[in-house]
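Down below is the structure, laid out as structure tokens.
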Amino acid sequence: MDIAHKLQYGASALEIKEALVEAGAKHARHVGQVDKAMELKRTVSDIKHEVHSQLIQNKKTQRQVSGIAKELNKIHRDAVQNTTNSVTVVAVLFASIAFLAIFNLLGLYLRDGPKSGKAHIFNTIAFRVFCLSVLQPCSFLLLLLSFRLPSLPGTRELRNRSSQL
């Protein structure tokens, strides 16, 4: 830049000076000194690139977390459905065994008289306690299932179909 200043004044000298300034040429007295404006511009540019890369990484992370959350929700729905199915099967088995136990009494049956066909133990207190102990869990399970069934998948469609008939 110092040599360009010593050139005679003219159009070619101006073109040379402009080209040198655009290329970043410095005077000899400024060589080795840090240009504050250029350093600030470089710092701002670095910060901008870092922020941009962090935003891109944040979007990728959000997509991954969203995918994981969807997968966990699906697994949870499947687990709830499997649990509901298992509880329903156990309740039906328990109710059928209890129903069978009520109508197939142990012991002998009366053969003669107006009470023929009734069990010997029909009028005993132990039998009545047994019936209550069997019927109470069955009624509780049926009540529990009646509250649970409306929220099972497909029951809403069944209700809609039955109301249309």
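We label chains A, B, ... in the order they appear in the structure tokens, count residues from 1 in each chain, and number ligands from 1 in the order shown.
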Might you pull out every residue within 9 Å of region 135-140 of chain A, with only C-alpha atoms counted and same-chain residues fewer than 3 positions away left off, and present them as a ChimeraX atom specification? /A:91,94-95,98-99,130-132,143-145
Run DSSP on the backbone and tell me which residues of region 14-145 of chain A come out as alpha helix (DSSP H); list them as a PyMOL selection string. chain A and resi 14-23+36-103+125-145
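Coordinates place CA of Arg42 (chain A) at a distance of 24.2 Å from CA of Asn58 (chain A).
Taking CA of Val51 (chain A) and CA of Ser66 (chain A) as endpoints, the distance between them is 22.2 Å.
Put simply, CA of Thr124 (chain A) is 13.7 Å away from CA of Tyr109 (chain A).
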Residue among A:Ala101, A:Leu142, A:Ala25, A:Leu20 lying closest to Thr88 (chain A), counting only C-alpha atoms: A:Leu142
